[in-house]
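Peer 1: Data file model32.txt (compact mmCIF, C-alpha atoms and all ligand atoms) is appended below.
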```
# COMPACT_ATOMS: atom_id res chain seq x y z
CA MET I 1 -11.96 3.21 13.44
CA ALA I 2 -11.79 6.95 14.23
CA LEU I 3 -8.44 8.68 13.89
CA ILE I 4 -6.69 10.87 16.44
CA PRO I 5 -4.92 14.16 15.57
CA LEU I 6 -1.71 13.74 13.58
CA PRO I 7 1.37 14.40 15.76
CA GLU I 8 2.64 17.71 14.36
CA ASP I 9 6.28 16.63 14.17
CA LEU I 10 5.34 13.89 11.68
CA ILE I 11 4.73 16.57 9.04
CA PRO I 12 8.36 17.84 8.76
CA PHE I 13 9.63 14.28 9.34
CA LEU I 14 7.74 12.92 6.29
CA LYS I 15 8.14 15.96 4.01
CA GLU I 16 11.28 14.76 2.18
CA TYR I 17 9.72 11.35 1.52
CA LEU I 18 6.42 12.49 0.01
CA PRO I 19 5.84 12.74 -3.75
CA ALA I 20 7.06 16.15 -4.86
CA THR I 21 4.93 18.24 -7.19
CA GLN I 22 7.67 18.56 -9.81
CA PHE I 23 7.98 14.75 -9.97
CA LYS I 24 4.58 14.61 -11.69
CA ASN I 25 5.87 15.86 -15.02
CA ASP I 26 9.37 14.51 -15.00
CA CYS I 27 9.07 10.78 -14.92
CA SER I 28 7.30 8.08 -16.92
CA LYS I 29 6.54 6.07 -13.80
CA PRO I 30 4.56 7.17 -10.74
CA PHE I 31 6.38 8.03 -7.50
CA LEU I 32 6.16 4.89 -5.35
CA THR I 33 6.11 4.87 -1.55
CA LEU I 34 6.40 1.45 0.07
CA THR I 35 4.84 1.56 3.53
CA TYR I 36 3.72 -0.97 6.11
CA ALA I 37 3.61 -1.71 9.84
CA GLN I 38 5.66 -4.54 11.30
CA SER I 39 6.29 -6.10 14.69
CA LEU I 40 9.69 -6.34 16.36
CA ASP I 41 10.07 -9.81 14.84
CA SER I 42 9.35 -8.48 11.33
CA ARG I 43 5.78 -9.82 11.05
CA ILE I 44 2.94 -7.87 9.44
CA SER I 45 0.12 -10.04 10.79
CA LYS I 46 -0.17 -12.79 13.39
CA GLY I 47 -1.11 -15.41 10.79
CA LYS I 48 -2.03 -15.85 7.15
CA GLY I 49 -5.29 -14.11 6.49
CA GLN I 50 -5.52 -12.56 9.96
CA ARG I 51 -5.98 -8.82 10.19
CA THR I 52 -3.74 -7.66 13.04
CA VAL I 53 -3.42 -4.27 14.69
CA ILE I 54 0.27 -3.30 14.96
CA SER I 55 0.20 0.51 14.79
CA HIS I 56 -0.70 2.90 17.57
CA LEU I 57 -3.56 5.21 16.54
CA GLU I 58 -1.10 8.06 15.93
CA THR I 59 0.74 6.06 13.25
CA LYS I 60 -2.60 4.82 11.89
CA THR I 61 -3.40 8.52 11.40
CA MET I 62 -0.01 8.87 9.69
CA THR I 63 -1.09 6.20 7.18
CA HIS I 64 -4.13 8.30 6.33
CA TYR I 65 -1.94 11.40 6.02
CA LEU I 66 0.16 9.41 3.52
CA ARG I 67 -2.98 8.28 1.69
CA PHE I 68 -3.96 11.97 1.35
CA HIS I 69 -0.68 12.65 -0.48
CA HIS I 70 -0.91 9.85 -3.06
CA ASP I 71 -3.11 9.33 -6.14
CA GLY I 72 -3.23 5.56 -5.73
CA ILE I 73 -3.01 2.93 -2.98
CA LEU I 74 -1.80 -0.51 -4.03
CA ILE I 75 -2.24 -3.87 -2.30
CA GLY I 76 -2.02 -7.53 -3.32
CA CYS I 77 -5.17 -9.66 -3.49
CA GLY I 78 -3.95 -11.58 -0.38
CA THR I 79 -4.52 -8.41 1.66
CA ALA I 80 -7.82 -7.62 -0.06
CA LEU I 81 -9.08 -11.14 0.79
CA ALA I 82 -7.73 -11.18 4.36
CA ASP I 83 -8.57 -7.65 5.49
CA ASP I 84 -11.49 -6.44 3.35
CA PRO I 85 -9.82 -3.00 3.56
CA GLY I 86 -11.54 0.31 2.84
CA LEU I 87 -8.41 2.06 1.48
CA ASN I 88 -9.98 5.52 1.66
CA CYS I 89 -8.52 8.59 3.35
CA LYS I 90 -9.94 9.83 6.64
CA TRP I 91 -7.42 12.66 7.10
CA SER I 92 -7.59 16.09 5.51
CA PRO I 93 -5.97 19.45 6.31
CA ILE I 94 -9.38 20.85 7.27
CA GLY I 95 -10.28 18.14 9.77
CA ASP I 96 -11.51 14.58 9.70
CA THR I 97 -14.02 14.89 6.85
CA VAL I 98 -14.05 11.68 4.86
CA SER I 99 -14.48 12.27 1.16
CA TRP I 100 -13.74 10.44 -2.04
CA ARG I 101 -11.93 13.61 -3.18
CA CYS I 102 -9.16 13.15 -0.58
CA SER I 103 -8.93 9.41 -1.12
CA PRO I 104 -6.44 7.58 -3.31
CA ARG I 105 -7.62 5.20 -6.03
CA PRO I 106 -7.35 1.60 -4.78
CA ILE I 107 -5.22 -0.65 -7.02
CA ILE I 108 -5.54 -4.39 -6.37
CA ILE I 109 -2.96 -6.77 -7.85
CA ASP I 110 -5.07 -9.81 -8.63
CA PRO I 111 -3.76 -11.67 -11.70
CA HIS I 112 -6.31 -14.51 -11.51
CA CYS I 113 -9.37 -12.57 -10.26
CA LYS I 114 -9.56 -14.12 -6.79
CA TRP I 115 -10.97 -11.05 -5.04
CA GLY I 116 -14.49 -9.71 -5.58
CA TYR I 117 -15.45 -6.03 -5.34
CA SER I 118 -19.12 -6.83 -4.93
CA GLY I 119 -20.08 -6.63 -1.25
CA SER I 120 -16.66 -5.34 -0.22
CA LYS I 121 -15.86 -2.49 2.18
CA MET I 122 -14.46 -0.58 -0.81
CA GLN I 123 -17.80 -0.83 -2.59
CA GLU I 124 -19.62 0.30 0.55
CA LEU I 125 -17.36 3.36 0.93
CA LYS I 126 -17.70 4.21 -2.77
CA SER I 127 -21.51 4.08 -2.49
CA GLN I 128 -21.29 6.51 0.46
CA ASN I 129 -19.05 8.90 -1.54
CA SER I 130 -16.27 8.17 0.99
CA GLY I 131 -13.87 6.35 -1.29
CA LYS I 132 -12.97 5.68 -4.91
CA SER I 133 -13.63 2.60 -7.01
CA PRO I 134 -10.68 0.27 -7.56
CA ILE I 135 -8.51 -0.60 -10.50
CA ILE I 136 -7.98 -4.37 -10.45
CA VAL I 137 -4.83 -5.51 -12.26
CA VAL I 138 -5.48 -8.86 -13.95
CA LEU I 139 -4.00 -11.09 -16.60
CA LYS I 140 -7.40 -11.29 -18.29
CA ARG I 141 -10.64 -9.45 -17.58
CA PRO I 142 -13.33 -11.80 -16.19
CA ALA I 143 -16.05 -12.88 -18.63
CA ASN I 144 -19.65 -11.83 -17.85
CA LEU I 145 -18.72 -8.55 -16.22
CA ASP I 146 -21.56 -6.89 -14.31
CA ALA I 147 -21.95 -3.58 -16.15
CA ASN I 148 -23.35 -1.96 -12.96
CA LEU I 149 -20.23 -2.67 -10.95
CA ASP I 150 -18.13 0.46 -10.75
CA VAL I 151 -14.75 -1.18 -11.17
CA THR I 152 -11.95 -0.92 -13.71
CA TYR I 153 -9.90 -3.87 -14.92
CA LEU I 154 -6.37 -3.27 -16.18
CA GLU I 155 -4.96 -6.17 -18.18
CA ALA I 156 -1.20 -6.71 -17.99
CA PRO I 157 1.05 -9.58 -19.11
CA LEU I 158 2.68 -11.98 -16.66
CA ASN I 159 6.34 -12.89 -17.11
CA VAL I 160 7.66 -16.47 -17.24
CA GLU I 161 7.62 -16.59 -13.43
CA GLY I 162 3.91 -15.69 -13.44
CA ARG I 163 4.58 -12.18 -12.10
CA PHE I 164 3.68 -8.71 -13.30
CA ASP I 165 6.74 -6.60 -14.02
CA TRP I 166 6.52 -3.73 -11.52
CA LEU I 167 8.07 -1.03 -13.71
CA HIS I 168 5.86 -1.89 -16.67
CA LEU I 169 2.79 -1.98 -14.42
CA LEU I 170 3.53 1.38 -12.83
CA LYS I 171 4.13 3.01 -16.20
CA LEU I 172 0.78 1.60 -17.41
CA LEU I 173 -1.01 3.05 -14.37
CA LYS I 174 0.46 6.46 -15.17
CA SER I 175 -0.14 6.41 -18.92
CA GLU I 176 -3.67 4.88 -18.77
CA TYR I 177 -5.08 6.58 -15.66
CA GLY I 178 -2.80 9.57 -14.99
CA ILE I 179 -1.77 8.19 -11.58
CA THR I 180 1.41 10.04 -10.62
CA SER I 181 1.97 8.72 -7.09
CA ILE I 182 1.19 5.40 -5.44
CA MET I 183 1.62 4.08 -1.94
CA ALA I 184 2.03 0.31 -1.73
CA GLU I 185 0.59 -0.90 1.61
CA GLY I 186 1.30 -4.64 1.38
CA GLY I 187 0.97 -7.49 2.04
CA ALA I 188 4.04 -9.63 2.43
CA ILE I 189 4.40 -10.78 -1.16
CA VAL I 190 4.10 -7.23 -2.50
CA ILE I 191 6.48 -5.85 0.15
CA ASN I 192 9.11 -8.57 -0.32
CA GLU I 193 9.07 -8.09 -4.10
CA LEU I 194 9.27 -4.30 -3.92
CA LEU I 195 12.11 -4.30 -1.38
CA SER I 196 14.35 -5.64 -4.12
CA GLN I 197 13.28 -2.95 -6.64
CA PRO I 198 15.37 0.16 -5.81
CA THR I 199 14.65 1.73 -9.19
CA VAL I 200 10.90 1.38 -8.65
CA VAL I 201 10.57 2.35 -4.97
CA ASP I 202 11.16 6.05 -4.20
CA SER I 203 10.44 6.09 -0.45
CA LEU I 204 10.25 3.47 2.27
CA ILE I 205 8.20 4.27 5.39
CA VAL I 206 8.00 1.51 7.99
CA THR I 207 6.13 1.64 11.30
CA ILE I 208 7.62 -0.60 13.96
CA GLY I 209 5.13 -1.60 16.63
CA ALA I 210 6.37 -2.53 20.10
CA LYS I 211 5.15 -6.12 20.05
CA TYR I 212 6.15 -9.58 18.87
CA LEU I 213 3.78 -11.59 16.69
CA GLY I 214 5.56 -14.93 16.76
CA GLN I 215 6.69 -17.50 14.24
CA GLN I 216 3.20 -18.19 12.87
CA GLY I 217 3.08 -14.55 11.78
CA VAL I 218 3.38 -13.39 8.16
CA GLU I 219 7.01 -12.38 7.76
CA VAL I 220 8.56 -9.54 5.80
CA SER I 221 12.09 -10.32 4.70
CA PRO I 222 13.56 -9.82 1.23
CA PRO I 223 14.15 -13.24 -0.36
CA ALA I 224 17.22 -12.01 -2.25
CA GLY I 225 19.07 -11.21 0.99
CA GLU I 226 20.59 -8.03 2.31
CA ILE I 227 19.13 -4.65 1.27
CA GLU I 228 21.00 -1.42 2.07
CA LEU I 229 19.18 1.84 2.80
CA ASP I 230 20.09 5.51 2.44
CA ASN I 231 18.70 8.80 3.84
CA ILE I 232 17.55 7.02 7.01
CA THR I 233 15.53 9.02 9.57
CA TRP I 234 13.61 7.89 12.65
CA TRP I 235 10.55 9.26 14.42
CA LYS I 236 9.57 8.08 17.89
CA GLY I 237 5.94 8.08 19.00
CA THR I 238 4.15 7.03 22.16
CA VAL I 239 4.85 3.34 21.58
CA ASP I 240 5.77 3.01 17.87
CA ALA I 241 8.76 4.17 15.89
CA VAL I 242 8.71 5.06 12.20
CA MET I 243 11.68 4.73 9.88
CA ALA I 244 11.75 6.67 6.63
CA ALA I 245 14.47 5.88 4.09
CA ARG I 246 15.32 5.23 0.46
CA LEU I 247 16.43 1.92 -1.00
CA ARG I 248 20.07 2.16 -2.02
CA LYS I 249 20.40 2.31 -5.80
CA ILE I 250 22.56 -0.44 -7.21
CA GLN I 251 25.84 0.96 -8.61
CA CYS I 252 26.67 -0.25 -12.13
N1 LIG I 301 0.92 -4.68 8.77
C1 LIG I 301 0.76 -4.21 7.57
O1 LIG I 301 1.20 -3.08 7.27
C2 LIG I 301 0.06 -5.01 6.54
C3 LIG I 301 -0.18 -4.44 5.29
C4 LIG I 301 -0.84 -5.19 4.33
C5 LIG I 301 -1.21 -6.49 4.60
N2 LIG I 301 -0.93 -7.02 5.81
C6 LIG I 301 -1.24 -8.45 6.06
O2 LIG I 301 -0.56 -9.23 5.09
C7 LIG I 301 -1.27 -10.44 4.86
C8 LIG I 301 -1.44 -10.64 3.37
O3 LIG I 301 -0.18 -10.76 2.76
P1 LIG I 301 0.06 -11.77 1.53
O4 LIG I 301 1.52 -11.85 1.30
O5 LIG I 301 -0.72 -13.02 1.76
O6 LIG I 301 -0.70 -11.04 0.36
P2 LIG I 301 -0.43 -9.81 -0.64
O7 LIG I 301 -1.37 -8.74 -0.27
O8 LIG I 301 1.00 -9.49 -0.83
O9 LIG I 301 -1.01 -10.45 -1.99
C9 LIG I 301 -0.33 -11.49 -2.61
C10 LIG I 301 -0.97 -11.81 -3.95
O10 LIG I 301 -0.92 -10.65 -4.78
C11 LIG I 301 -0.64 -11.02 -6.12
N3 LIG I 301 0.66 -10.40 -6.50
C12 LIG I 301 1.46 -9.65 -5.72
N4 LIG I 301 2.53 -9.21 -6.43
C13 LIG I 301 2.39 -9.73 -7.68
C14 LIG I 301 3.16 -9.63 -8.89
N5 LIG I 301 4.30 -8.94 -8.99
N6 LIG I 301 2.70 -10.30 -9.98
C15 LIG I 301 1.57 -11.01 -9.91
N7 LIG I 301 0.78 -11.13 -8.81
C16 LIG I 301 1.21 -10.48 -7.72
C17 LIG I 301 -0.55 -12.55 -6.14
O11 LIG I 301 -1.81 -13.04 -6.49
C18 LIG I 301 -0.20 -12.88 -4.71
O12 LIG I 301 -0.61 -14.17 -4.33
C19 LIG I 301 -2.61 -10.29 5.58
O13 LIG I 301 -2.58 -11.05 6.76
C20 LIG I 301 -2.68 -8.81 5.89
O14 LIG I 301 -3.40 -8.57 7.08
C21 LIG I 301 -0.33 -6.32 6.79
N1 LIG I 302 -0.38 1.08 9.21
C1 LIG I 302 -0.88 -0.14 9.51
N2 LIG I 302 -0.90 -0.55 10.78
C2 LIG I 302 -1.38 -1.77 11.12
O1 LIG I 302 -1.39 -2.11 12.30
C3 LIG I 302 -1.90 -2.62 10.09
N3 LIG I 302 -2.40 -3.84 10.39
C4 LIG I 302 -1.88 -2.15 8.77
N4 LIG I 302 -2.39 -2.90 7.79
C5 LIG I 302 -2.45 -2.39 6.44
C6 LIG I 302 -3.41 -3.19 5.59
O2 LIG I 302 -3.33 -2.82 4.23
C7 LIG I 302 -4.84 -3.00 5.97
O3 LIG I 302 -5.58 -3.87 5.17
C8 LIG I 302 -5.32 -1.61 5.72
O4 LIG I 302 -4.66 -0.67 6.54
C9 LIG I 302 -6.77 -1.49 6.05
O5 LIG I 302 -7.22 -0.33 5.47
P1 LIG I 302 -8.54 0.35 6.03
O6 LIG I 302 -8.20 0.82 7.41
O7 LIG I 302 -9.64 -0.68 6.02
O8 LIG I 302 -8.77 1.46 5.04
N5 LIG I 302 -1.34 -0.90 8.51
```
Now, as a test, write the supplied structure out as structure tokens.

Peer 2:
Amino acid sequence: MALIPLPEDLIPFLKEYLPATQFKNDCSKPFLTLTYAQSLDSRISKGKGQRTVISHLETKTMTHYLRFHHDGILIGCGTALADDPGLNCKWSPIGDTVSWRCSPRPIIIDPHCKWGYSGSKMQELKSQNSGKSPIIVVLKRPANLDANLDVTYLEAPLNVEGRFDWLHLLKLLKSEYGITSIMAEGGAIVINELLSQPTVVDSLIVTIGAKYLGQQGVEVSPPAGEIELDNITWWKGTVDAVMAARLRKIQC
């Protein structure tokens, strides 16, 4: 899908929430932006496994502007399987040239290797020099790896609940691959887990589309209950609104 020009007032609106240059050297974990598009009833798709357009094209362009400003783009394997996403960047300051140089490195959280890179949109974009090859985070690298497949596996341990520890994972991505900023784009499991990680998430950028998706839709709602936000700012577009904020740090 072609983009439209980025609304100019989104640039100052987002500035404070983007990874800052000085952050790169200061911290052992990458800067993490959690971003997604939801309906008025807090759904991110109309059903499990169904790719659903929520954003207006101007906020779709905003997503690509955000992609331009991050080294990595992280999704769960549920999104990779449902959407077959490209995860490249189609926005650049010099126009809409699509290049792997402007694109973040896709990072797919796939502990049990359910998603395949072969034949994917990501592979197609990589072969056209329009995107980067992914890092797939797994418990154990698959046996019989195809040496021709341009894909990197990062092994990480699962905790007793069968989950990767986010802080450990992010630090690994920085120390092993030099990734200093990541935007997490979903889906629901990733978003719900990260909403309760104020020490891991640095910025929260949520697009709210003016539609309802209904009770069959995939819901975003933190399982642990109430989450407070700080530094809240709103932007209003043609039909969408965007909220940028920070998760409130828990006081000891
Ligand atoms: N509107 C939006 O902005 C948006 C964004 C992304 C996805 N989506 C939609 O969301 C749906 C997919 O969401 P979902 O919740 O099924 O999938 P998901 O993308 O959150 O992936 C879930 C899977 O990722 C892995 N995973 C995630 N966190 C993990 C952790 N800490 N440790 C170990 N494994 C972990 C697990 O295998 C888990 O089953 C799709 O319908 C997609 O279209 C919407
Ligand atoms: N900003 C936004 N608005 C939406 O309406 C919507 N459905 C998504 N969904 C995010 C999800 O991660 C998608 O899978 C990728 O946005 C697809 O990425 P590509 O365009 O293929 O690169 N994101």

Peer 1: Do a neighbour search on Gly187 (chain I) at 7 Å with all atoms listed in the file, toss out local chain neighbours closer than 5 positions, and write the hits as a list in words.

Peer 2: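 Contacts, with the query itself left out: Ile75, Gly76, Gly78 and Thr79 of chain I.
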
Peer 1: Would you save the residues of that selection, restricted to C-alpha atoms, as a short mmCIF file (atom, residue, chain, number, x, y, z; two decimals), in the frame of the given file?

Peer 2:
```cif
data_model
loop_
_atom_site.label_atom_id
_atom_site.label_comp_id
_atom_site.auth_asym_id
_atom_site.auth_seq_id
_atom_site.Cartn_x
_atom_site.Cartn_y
_atom_site.Cartn_z
CA ILE I 75 -2.24 -3.87 -2.30
CA GLY I 76 -2.02 -7.53 -3.32
CA GLY I 78 -3.95 -11.58 -0.38
CA THR I 79 -4.52 -8.41 1.66
#
```

Peer 1: Which residues come within 7 Å of region 34-37 of chain I, counting all atoms listed in the file, excluding same-chain residues fewer than 2 positions away, as a PyMOL selection string?

Peer 2: chain I and resi 32+44+54-55+183-186+201+203-209

Peer 1: Those residues with C-alpha atoms, as a compact mmCIF listing (two decimals), in the frame of the given file please?

Peer 2:
```txt
# COMPACT_ATOMS: atom_id res chain seq x y z
CA LEU I 32 6.16 4.89 -5.35
CA ILE I 44 2.94 -7.87 9.44
CA ILE I 54 0.27 -3.30 14.96
CA SER I 55 0.20 0.51 14.79
CA MET I 183 1.62 4.08 -1.94
CA ALA I 184 2.03 0.31 -1.73
CA GLU I 185 0.59 -0.90 1.61
CA GLY I 186 1.30 -4.64 1.38
CA VAL I 201 10.57 2.35 -4.97
CA SER I 203 10.44 6.09 -0.45
CA LEU I 204 10.25 3.47 2.27
CA ILE I 205 8.20 4.27 5.39
CA VAL I 206 8.00 1.51 7.99
CA THR I 207 6.13 1.64 11.30
CA ILE I 208 7.62 -0.60 13.96
CA GLY I 209 5.13 -1.60 16.63
```

Peer 1: Have a look at I:Gly72, I:Gly214, I:Pro222, I:Gly86 and name the one nearest to ligand LIG 302 (chain I); count only C-alpha atoms and all ligand atoms.

Peer 2: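 Selected residue with least distance to ligand LIG 302 (chain I): I:Gly86.
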
Peer 1: State, in Å with one decimal place, the distance from CA of Leu14 (chain I) to CA of Gly237 (chain I).

Peer 2: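 Computing it gives 13.7 Å between the two atoms.
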
Peer 1: What are the centre and edge lengths in Å, to one decimal, of the axis-aligned box around all listed atoms of region 6-17 of chain I with 5 Å added on each side, as AutoDock Vina command-line options?

Peer 2:
```
--center_x 4.8 --center_y 14.6 --center_z 8.6 --size_x 23.0 --size_y 16.5 --size_z 24.2
```

Peer 1: Write out as a ChimeraX atom specification the residues lying within 7 Å of Thr152 (chain I), counting all atoms listed in the file and excluding same-chain residues fewer than 4 positions away.

Peer 2: /I:134-136

Peer 1: Write the residues of the preceding selection, restricted to C-alpha atoms, as a short mmCIF file (atom, residue, chain, number, x, y, z; two decimals), in the coordinates of the input.

Peer 2:
```cif
data_model
loop_
_atom_site.label_atom_id
_atom_site.label_comp_id
_atom_site.auth_asym_id
_atom_site.auth_seq_id
_atom_site.Cartn_x
_atom_site.Cartn_y
_atom_site.Cartn_z
CA PRO I 134 -10.68 0.27 -7.56
CA ILE I 135 -8.51 -0.60 -10.50
CA ILE I 136 -7.98 -4.37 -10.45
#
```

Peer 1: Can you tell me, as a JSON list (two decimals) with C-alpha atoms, keeping the file's coordinate frame, what residues are no more than 12 Å from Glu8 (chain I) when counting only C-alpha atoms, ignoring any on the same chain fewer than 6 positions away?

Peer 2:
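Okay, out25.json is ready:
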```
[["chain", "number", "residue", "atom", "x", "y", "z"],
["I", 14, "LEU", "CA", 7.74, 12.92, 6.29],
["I", 15, "LYS", "CA", 8.14, 15.96, 4.01],
["I", 58, "GLU", "CA", -1.10, 8.06, 15.93],
["I", 59, "THR", "CA", 0.74, 6.06, 13.25],
["I", 61, "THR", "CA", -3.40, 8.52, 11.40],
["I", 62, "MET", "CA", -0.01, 8.87, 9.69],
["I", 65, "TYR", "CA", -1.94, 11.40, 6.02],
["I", 93, "PRO", "CA", -5.97, 19.45, 6.31],
["I", 235, "TRP", "CA", 10.55, 9.26, 14.42],
["I", 237, "GLY", "CA", 5.94, 8.08, 19.00]]
```

Peer 1: Skip Leu195 (chain I) itself and residues of its chain fewer than 2 positions away, then list as a list of chain:residue names all residues within 10 Å of it, counting all atoms listed in the file.

Peer 2: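 In the requested form, the answer reads I:Leu34, I:Val190, I:Ile191, I:Asn192, I:Glu193, I:Gln197, I:Pro198, I:Val200, I:Val201, I:Leu204, I:Val220, I:Ser221, I:Pro222, I:Pro223, I:Ala224, I:Glu226, I:Ile227, I:Glu228, I:Leu247.
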
Peer 1: CA of Lys121 (chain I) and CA of Asp83 (chain I) are how many Å apart?

Peer 2: 9.5 Å

Peer 1: Interatomic distance between CA of Ile189 (chain I) and CA of Ala210 (chain I)?

Peer 2: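 Interatomic distance, CA of Ile189 (chain I) to CA of Ala210 (chain I): 22.9 Å.
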
Peer 1: Taking into account all atoms listed in the file, which residue in the set I:Leu81, I:Val151, I:Ile179, I:Val239 is nearest to ligand LIG 301 (chain I)?

Peer 2: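 Between I:Leu81, I:Val151, I:Ile179, I:Val239, the residue approaching ligand LIG 301 (chain I) most closely is I:Leu81.
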